file final_31.txt (compact mmCIF, C-alpha atoms)
# COMPACT_ATOMS: atom_id res chain seq x y z
CA MET A 285 -12.04 9.97 -7.56
CA LYS A 286 -8.88 10.36 -5.49
CA LEU A 287 -5.68 9.30 -7.24
CA ALA A 288 -2.22 8.80 -5.79
CA ALA A 289 0.99 6.99 -6.55
CA SER A 290 3.64 5.33 -4.47
CA THR A 291 7.16 6.73 -4.57
CA LEU A 292 8.24 3.13 -5.18
CA GLY A 293 7.59 3.95 -8.84
CA CYS A 294 9.93 6.94 -9.01
CA PRO A 295 12.99 6.02 -6.91
CA ASP A 296 15.27 8.48 -8.73
CA TRP A 297 13.08 11.55 -8.23
CA THR A 298 13.97 14.02 -5.51
CA PHE A 299 11.24 15.19 -3.15
CA PRO A 300 10.75 18.48 -5.09
CA GLN A 301 10.55 16.47 -8.34
CA ILE A 302 7.93 14.18 -6.78
CA LEU A 303 5.82 17.18 -5.81
CA GLU A 304 6.18 18.87 -9.17
CA ASN A 305 5.43 15.78 -11.26
CA PHE A 306 2.59 14.44 -9.12
CA SER A 307 0.86 17.82 -9.13
CA ARG A 308 1.36 18.38 -12.86
CA ILE A 309 -0.15 15.07 -13.96
CA GLY A 310 -3.23 15.38 -11.75
CA LEU A 311 -2.53 13.22 -8.72
CA GLN A 312 -3.85 14.31 -5.35
CA GLY A 313 -1.91 12.11 -2.94
CA ILE A 314 1.58 10.79 -2.26
CA GLU A 315 2.11 7.34 -0.80
CA ILE A 316 5.61 7.25 0.66
CA ARG A 317 7.73 4.19 -0.09
CA GLY A 318 11.16 5.73 -0.06
CA ILE A 319 12.62 9.18 -0.75
CA ASP A 320 16.20 9.81 -1.84
CA GLY A 321 16.92 6.10 -1.64
CA GLN A 322 15.84 5.81 2.01
CA LEU A 323 12.96 3.49 2.92
CA GLU A 324 12.87 3.93 6.70
CA ALA A 325 10.98 6.96 7.98
CA SER A 326 13.76 7.65 10.47
CA GLU A 327 16.30 7.87 7.62
CA ILE A 328 14.34 10.19 5.32
CA SER A 329 15.88 13.63 5.73
CA TRP A 330 12.65 15.37 4.69
CA PHE A 331 10.99 13.88 7.80
CA SER A 332 13.66 15.08 10.22
CA PRO A 333 12.71 17.77 12.75
CA LYS A 334 15.24 20.05 11.05
CA LYS A 335 13.42 19.88 7.69
CA GLU A 336 9.86 19.28 8.90
CA ALA A 337 8.69 22.87 8.39
CA GLU A 338 10.18 23.05 4.89
CA THR A 339 8.62 19.72 3.92
CA LYS A 340 5.18 20.76 5.09
CA SER A 341 5.49 24.14 3.35
CA LEU A 342 6.46 22.55 0.02
CA LEU A 343 3.61 20.06 0.37
CA ARG A 344 1.06 22.82 0.95
CA GLN A 345 2.35 24.78 -2.04
CA SER A 346 1.99 21.71 -4.28
CA GLY A 347 -1.66 21.12 -3.34
CA LEU A 348 -0.82 17.48 -2.61
CA ARG A 349 -1.07 15.54 0.63
CA PHE A 350 0.64 12.56 2.18
CA ILE A 351 -1.82 9.67 2.35
CA GLY A 352 0.26 6.88 3.84
CA PHE A 353 3.65 5.39 4.52
CA GLY A 354 4.66 1.96 3.25
CA SER A 355 6.82 0.33 5.90
CA SER A 356 8.63 -3.00 5.73
CA CYS A 357 7.32 -4.04 9.14
CA HIS A 358 6.16 -7.66 9.05
CA PHE A 359 4.78 -9.84 11.80
CA HIS A 360 4.92 -13.43 10.53
CA GLU A 361 8.35 -14.33 11.99
CA LYS A 362 8.54 -15.11 15.70
CA THR A 363 12.21 -14.23 16.04
CA THR A 364 11.77 -10.64 14.83
CA LEU A 365 8.20 -10.03 16.02
CA ARG A 366 8.88 -7.66 18.92
CA GLN A 367 11.52 -5.83 16.92
CA ASN A 368 9.05 -5.19 14.09
CA ILE A 369 6.28 -4.14 16.45
CA GLN A 370 8.59 -1.59 18.07
CA LYS A 371 9.79 -0.37 14.67
CA ALA A 372 6.17 0.14 13.60
CA LYS A 373 5.45 2.15 16.75
CA ASP A 374 8.57 4.27 16.24
CA THR A 375 7.47 4.92 12.67
CA ILE A 376 4.02 5.98 13.88
CA ASP A 377 5.67 8.63 16.08
CA ILE A 378 7.26 10.14 12.96
CA LEU A 379 4.09 9.86 10.90
CA GLU A 380 2.11 11.69 13.57
CA ARG A 381 4.61 14.56 13.49
CA MET A 382 4.52 14.68 9.67
CA ASN A 383 0.69 14.41 9.47
CA ILE A 384 0.81 11.12 7.56
CA PRO A 385 -2.44 9.33 8.41
CA ALA A 386 -1.69 5.66 7.70
CA LEU A 387 1.00 3.02 8.08
CA ARG A 388 1.22 -0.06 5.84
CA VAL A 389 2.41 -3.32 7.46
CA PHE A 390 2.70 -6.94 6.34
CA GLY A 391 1.90 -10.46 7.17
CA ASN A 392 3.85 -11.98 4.33
CA ASN A 393 4.76 -15.65 4.72
CA ILE A 394 3.46 -18.73 6.49
CA PRO A 395 6.94 -20.09 7.35
CA ASP A 396 5.65 -23.44 8.63
CA PRO A 397 2.37 -24.79 7.16
CA THR A 398 1.83 -26.90 10.29
CA GLN A 399 1.77 -23.66 12.30
CA LYS A 400 -0.49 -21.75 9.93
CA SER A 401 -3.24 -20.87 12.40
CA GLN A 402 -0.69 -19.78 15.02
CA THR A 403 1.06 -17.52 12.48
CA ILE A 404 -2.23 -15.95 11.40
CA HIS A 405 -3.15 -15.31 15.04
CA GLN A 406 0.29 -13.84 15.68
CA VAL A 407 -0.03 -11.42 12.77
CA ALA A 408 -3.54 -10.38 13.80
CA GLU A 409 -2.48 -9.73 17.40
CA ALA A 410 0.57 -7.74 16.30
CA VAL A 411 -1.40 -5.53 13.92
CA CYS A 412 -4.01 -4.87 16.59
CA GLU A 413 -1.33 -3.93 19.12
CA VAL A 414 0.30 -1.52 16.67
CA ALA A 415 -3.10 -0.14 15.59
CA GLU A 416 -4.10 0.54 19.17
CA TYR A 417 -0.87 2.53 19.53
CA GLY A 418 -1.59 4.25 16.22
CA GLN A 419 -5.09 5.21 17.33
CA ARG A 420 -3.58 7.25 20.15
CA HIS A 421 -1.42 9.06 17.59
CA ALA A 422 -3.96 9.64 14.79
CA VAL A 423 -2.43 7.00 12.51
CA HIS A 424 -4.35 4.09 11.02
CA VAL A 425 -2.55 0.79 10.49
CA ASN A 426 -3.35 -1.16 7.33
CA LEU A 427 -2.38 -4.76 6.71
CA GLU A 428 -1.56 -5.24 3.04
CA VAL A 429 -2.94 -8.21 1.12
CA HIS A 430 0.42 -9.75 0.31
CA GLY A 431 2.34 -13.02 -0.01
CA ASP A 432 0.55 -15.90 1.70
CA PHE A 433 -1.94 -13.45 3.22
CA ASN A 434 -4.04 -13.21 0.08
CA THR A 435 -6.82 -15.76 0.54
CA VAL A 436 -10.18 -15.83 2.27
CA GLU A 437 -8.97 -18.65 4.52
CA THR A 438 -5.93 -16.68 5.69
CA LEU A 439 -7.58 -13.30 6.08
CA GLU A 440 -10.94 -14.26 7.59
CA PRO A 441 -9.56 -14.73 11.15
CA ILE A 442 -7.66 -11.45 10.79
CA VAL A 443 -10.72 -9.57 9.60
CA ASN A 444 -12.64 -10.94 12.58
CA ALA A 445 -9.89 -9.82 14.96
CA PHE A 446 -9.83 -6.33 13.46
CA GLN A 447 -13.51 -5.78 14.19
CA GLN A 448 -12.61 -4.76 17.74
CA THR A 449 -9.76 -2.46 16.71
CA PRO A 450 -11.05 0.62 14.82
CA ALA A 451 -7.58 1.78 13.74
CA ALA A 452 -6.78 -1.54 12.01
CA GLY A 453 -7.74 -1.93 8.37
CA ILE A 454 -6.93 -3.65 5.10
CA LEU A 455 -4.90 -2.42 2.14
CA TRP A 456 -6.05 -4.30 -0.97
CA ASP A 457 -3.28 -4.92 -3.46
CA ILE A 458 -5.31 -6.14 -6.40
CA GLU A 459 -2.40 -7.98 -8.01
CA HIS A 460 -1.75 -10.21 -5.01
CA SER A 461 -5.34 -11.38 -4.73
CA ASP A 462 -5.59 -11.73 -8.52
CA LYS A 463 -2.88 -14.39 -8.41
CA THR A 464 -5.26 -16.45 -6.29
CA TYR A 465 -8.73 -15.56 -7.57
CA GLY A 466 -8.36 -14.01 -11.02
CA ASP A 467 -11.65 -12.67 -12.34
CA ASN A 468 -13.53 -14.31 -9.44
CA PHE A 469 -12.55 -11.64 -6.94
CA LEU A 470 -15.96 -10.94 -5.41
CA ASP A 471 -15.90 -13.41 -2.50
CA PHE A 472 -12.46 -12.18 -1.47
CA TYR A 473 -13.49 -8.56 -1.84
CA ARG A 474 -16.68 -9.06 0.18
CA LEU A 475 -14.62 -10.39 3.07
CA ILE A 476 -12.28 -7.40 3.24
CA GLN A 477 -14.79 -4.72 2.15
CA PRO A 478 -15.86 -3.59 5.66
CA LEU A 479 -12.22 -2.90 6.55
CA LEU A 480 -11.00 -1.64 3.18
CA ARG A 481 -9.00 1.55 3.67
CA HIS A 482 -6.65 1.77 0.69
CA ILE A 483 -6.23 0.18 -2.76
CA HIS A 484 -3.05 -0.45 -4.73
CA ILE A 485 -3.66 -0.37 -8.46
CA LYS A 486 -1.29 -2.28 -10.74
CA ASP A 487 -1.44 -4.70 -13.66
CA TYR A 488 0.43 -7.74 -14.93
CA LEU A 489 0.17 -10.72 -17.28
CA ARG A 490 -1.19 -13.83 -15.60
CA LYS A 491 0.86 -16.17 -17.77
CA LYS A 492 4.44 -16.15 -16.54
CA PRO A 493 7.05 -17.27 -19.10
CA GLU A 494 9.07 -20.24 -17.92
CA SER A 495 12.27 -18.21 -18.12
CA ALA A 496 10.87 -15.30 -16.09
CA LYS A 497 11.60 -14.84 -12.39
CA SER A 498 8.37 -12.93 -11.85
CA TRP A 499 5.09 -12.20 -13.55
CA PRO A 500 5.45 -9.62 -16.34
CA ILE A 501 4.51 -6.15 -15.04
CA ARG A 502 2.41 -3.99 -17.36
CA LYS A 503 0.94 -0.51 -17.36
CA VAL A 504 -2.64 -0.42 -16.07
CA GLY A 505 -4.98 -1.63 -18.77
CA ASP A 506 -2.25 -3.57 -20.59
CA GLY A 507 -2.43 -6.60 -18.32
CA ASP A 508 -5.03 -9.16 -17.23
CA ILE A 509 -6.44 -7.78 -13.98
CA PRO A 510 -10.11 -6.75 -14.40
CA ILE A 511 -9.43 -3.25 -13.09
CA PRO A 512 -12.58 -1.55 -14.50
CA GLN A 513 -14.81 -4.17 -12.88
CA ILE A 514 -13.02 -3.77 -9.55
CA LEU A 515 -13.32 0.01 -9.73
CA ARG A 516 -17.03 -0.11 -10.53
CA GLN A 517 -17.66 -2.53 -7.67
CA VAL A 518 -15.83 -0.65 -4.94
CA VAL A 519 -17.21 2.73 -6.01
CA ALA A 520 -20.76 1.35 -6.14
CA ASP A 521 -20.24 0.08 -2.59
CA GLY A 522 -19.22 3.51 -1.36
CA TYR A 523 -15.42 3.28 -1.23
CA ASP A 524 -14.10 6.82 -0.88
CA GLY A 525 -10.40 6.19 -0.30
CA PHE A 526 -7.47 6.61 -2.64
CA PHE A 527 -6.60 4.52 -5.67
CA SER A 528 -2.81 4.45 -5.58
CA LEU A 529 -0.58 3.29 -8.40
CA GLU A 530 2.14 0.97 -7.15
CA TRP A 531 4.64 0.81 -10.01
CA GLU A 532 7.49 -1.38 -8.77
CA LYS A 533 10.31 0.52 -10.45
CA ARG A 534 12.57 0.31 -7.40
CA TRP A 535 12.48 -3.50 -7.45
CA HIS A 536 12.38 -3.83 -11.27
CA PRO A 537 14.53 -1.07 -12.80
CA GLU A 538 14.03 -2.51 -16.28
CA ILE A 539 10.34 -1.58 -16.46
CA GLU A 540 9.09 1.65 -18.03
CA GLU A 541 9.90 5.05 -16.60
CA PRO A 542 7.51 6.92 -14.29
CA GLU A 543 7.39 9.84 -16.73
CA VAL A 544 5.46 7.49 -19.05
CA VAL A 545 3.59 5.27 -16.62
CA PHE A 546 2.22 7.80 -14.12
CA PRO A 547 0.40 10.01 -16.68
CA HIS A 548 -0.89 6.84 -18.36
CA PHE A 549 -2.37 5.74 -15.02
CA VAL A 550 -4.23 9.03 -14.57
CA LYS A 551 -5.52 8.94 -18.16
CA LYS A 552 -6.77 5.35 -17.89
CA MET A 553 -8.44 5.88 -14.53
CA TYR A 554 -10.45 8.81 -15.86
CA GLU A 555 -11.34 6.86 -19.00
CA TRP A 556 -12.70 4.03 -16.88
CA PHE A 557 -14.62 6.31 -14.55
CA LEU A 558 -16.14 8.41 -17.33
call {"tool": "encode", "arguments": {"input": "final_31.txt", "output": "structure tokens"}}
result
Amino acid sequence: MKLAASTLGCPDWTFPQILENFSRIGLQGIEIRGIDGQLEASEISWFSPKKEAETKSLLRQSGLRFIGFGSSCHFHEKTTLRQNIQKAKDTIDILERMNIPALRVFGNNIPDPTQKSQTIHQVAEAVCEVAEYGQRHAVHVNLEVHGDFNTVETLEPIVNAFQQTPAAGILWDIEHSDKTYGDNFLDFYRLIQPLLRHIHIKDYLRKKPESAKSWPIRKVGDGDIPIPQILRQVVADGYDGFFSLEWEKRWHPEIEEPEVVFPHFVKKMYEWFL
């Protein structure tokens, strides 16, 4: 079992603190979604040529490894499409230099329901273009299950398009698909399974209070997602990628601290596997 966490869950930790804490609690991988308040790879000082050698040295000493970079690149809007494609390619150049093997991208919204099929096709083409670039630079490109791109109907044409692009894959965020399928996740999972490269683990309560702006976030095991069943299924089918905790502390500062939540994640994952 390979466990990681996204730095989204510890926005106030410095890079040395991330390494120390991740290593101490038994994680093996770091998914980058911001360091020192910077989300863009080009703005993270630890990824600059000046600090590259120090960063890699500290990483080796910690026994950890970078497993992916969570970008904000999205391909569902026509007006910013080329800009986002170029930004993704520029990010890949940095990831190659830093030995980060995967880039996360989005297809988030269907802005106009009457143009749904065109938007899906646009996202698929964009991911394939970026993935073909990534393949030449040893970086996989993973489309996250997110927003409106969380149903069989939306993802099936994308999965079909990805079949011809080996560097394009799927990142399964189990919360986003749960909001559509709940306990009946198997049909959705079967669709994405051949292209499944990475899994975000999180939990929440399915019943959203009327006064709440978002679904209540909970530590893994304290919510309604059938995480043990999902784990058993993907492991039985041969999944050998990382299970990465995505604790959305950066977006929801009121939720529990990473010092509590990250060790809890490791403990629960081993309980479920054993």
call {"tool": "residues_around", "arguments": {"input": "final_31.txt", "residues": "Leu480 (chain A)", "least_positions_apart": "3", "cutoff": "8 Å", "atoms": "all atoms listed in the file", "output": "list of chain:residue names"}}
result
A:Gly453, A:Ile454, A:Leu455, A:Trp456, A:Ile476, A:Gln477, A:Ile483, A:Tyr523
call {"tool": "closest_residue", "arguments": {"input": "final_31.txt", "among": "A:Ser332, A:Thr375, A:Gln399, A:Gln448", "to": "His360 (chain A)", "atoms": "all atoms listed in the file"}}
result
A:Gln399
call {"tool": "closest_residue", "arguments": {"input": "final_31.txt", "among": "A:Ile376, A:Ile404, A:Ile458, A:Ala415", "to": "Pro441 (chain A)", "atoms": "only C-alpha atoms"}}
result
A:Ile404
call {"tool": "atom_distance", "arguments": {"input": "final_31.txt", "atom1": "CA of His536 (chain A)", "atom2": "CA of Cys357 (chain A)"}}
result
21.0 Å
call {"tool": "residues_around", "arguments": {"input": "final_31.txt", "residues": "region 308-320 of chain A", "least_positions_apart": "6", "cutoff": "10 Å", "atoms": "only C-alpha atoms", "output": "JSON, numbers by chain"}}
result
{"A": [285, 286, 287, 288, 289, 290, 291, 292, 293, 294, 295, 296, 297, 298, 299, 302, 327, 328, 329, 330, 331, 343, 346, 347, 348, 349, 350, 351, 352, 353, 354, 355, 356, 384, 386, 387, 388, 526, 527, 528, 529, 530, 534, 543, 546, 547, 548, 549, 550, 551]}
call {"tool": "build_atoms", "arguments": {"input": "final_31.txt", "residues": "region 427-445 of chain A", "atoms": "N, CA and C atoms", "output": "compact mmCIF listing (two decimals), in the frame of the given file"}}
result
# COMPACT_ATOMS: atom_id res chain seq x y z
N LEU A 427 -3.05 -3.54 7.11
CA LEU A 427 -2.38 -4.76 6.71
C LEU A 427 -2.56 -4.96 5.22
N GLU A 428 -1.46 -5.06 4.49
CA GLU A 428 -1.56 -5.24 3.04
C GLU A 428 -1.84 -6.70 2.69
N VAL A 429 -2.71 -6.90 1.72
CA VAL A 429 -2.94 -8.21 1.12
C VAL A 429 -1.67 -8.56 0.35
N HIS A 430 -0.91 -9.54 0.84
CA HIS A 430 0.42 -9.75 0.31
C HIS A 430 0.88 -11.18 0.61
N GLY A 431 1.73 -11.72 -0.26
CA GLY A 431 2.34 -13.02 -0.01
C GLY A 431 1.31 -14.11 0.25
N ASP A 432 1.49 -14.83 1.34
CA ASP A 432 0.55 -15.90 1.70
C ASP A 432 -0.73 -15.36 2.32
N PHE A 433 -0.75 -14.06 2.62
CA PHE A 433 -1.94 -13.45 3.22
C PHE A 433 -2.81 -12.84 2.13
N ASN A 434 -3.26 -13.69 1.22
CA ASN A 434 -4.04 -13.21 0.08
C ASN A 434 -5.20 -14.13 -0.25
N THR A 435 -5.68 -14.87 0.75
CA THR A 435 -6.82 -15.76 0.54
C THR A 435 -7.88 -15.51 1.60
N VAL A 436 -9.09 -15.92 1.31
CA VAL A 436 -10.18 -15.83 2.27
C VAL A 436 -9.83 -16.60 3.54
N GLU A 437 -9.27 -17.80 3.37
CA GLU A 437 -8.97 -18.65 4.52
C GLU A 437 -7.95 -17.99 5.46
N THR A 438 -6.97 -17.32 4.87
CA THR A 438 -5.93 -16.68 5.69
C THR A 438 -6.43 -15.40 6.34
N LEU A 439 -7.20 -14.62 5.60
CA LEU A 439 -7.58 -13.30 6.08
C LEU A 439 -8.85 -13.28 6.94
N GLU A 440 -9.68 -14.30 6.83
CA GLU A 440 -10.94 -14.26 7.59
C GLU A 440 -10.71 -14.14 9.10
N PRO A 441 -9.79 -14.92 9.71
CA PRO A 441 -9.56 -14.73 11.15
C PRO A 441 -9.00 -13.35 11.48
N ILE A 442 -8.23 -12.78 10.57
CA ILE A 442 -7.66 -11.45 10.79
C ILE A 442 -8.74 -10.39 10.71
N VAL A 443 -9.60 -10.51 9.72
CA VAL A 443 -10.72 -9.57 9.60
C VAL A 443 -11.58 -9.62 10.86
N ASN A 444 -11.83 -10.81 11.36
CA ASN A 444 -12.64 -10.94 12.58
C ASN A 444 -11.95 -10.27 13.76
N ALA A 445 -10.64 -10.43 13.85
CA ALA A 445 -9.89 -9.82 14.96
C ALA A 445 -9.90 -8.30 14.87
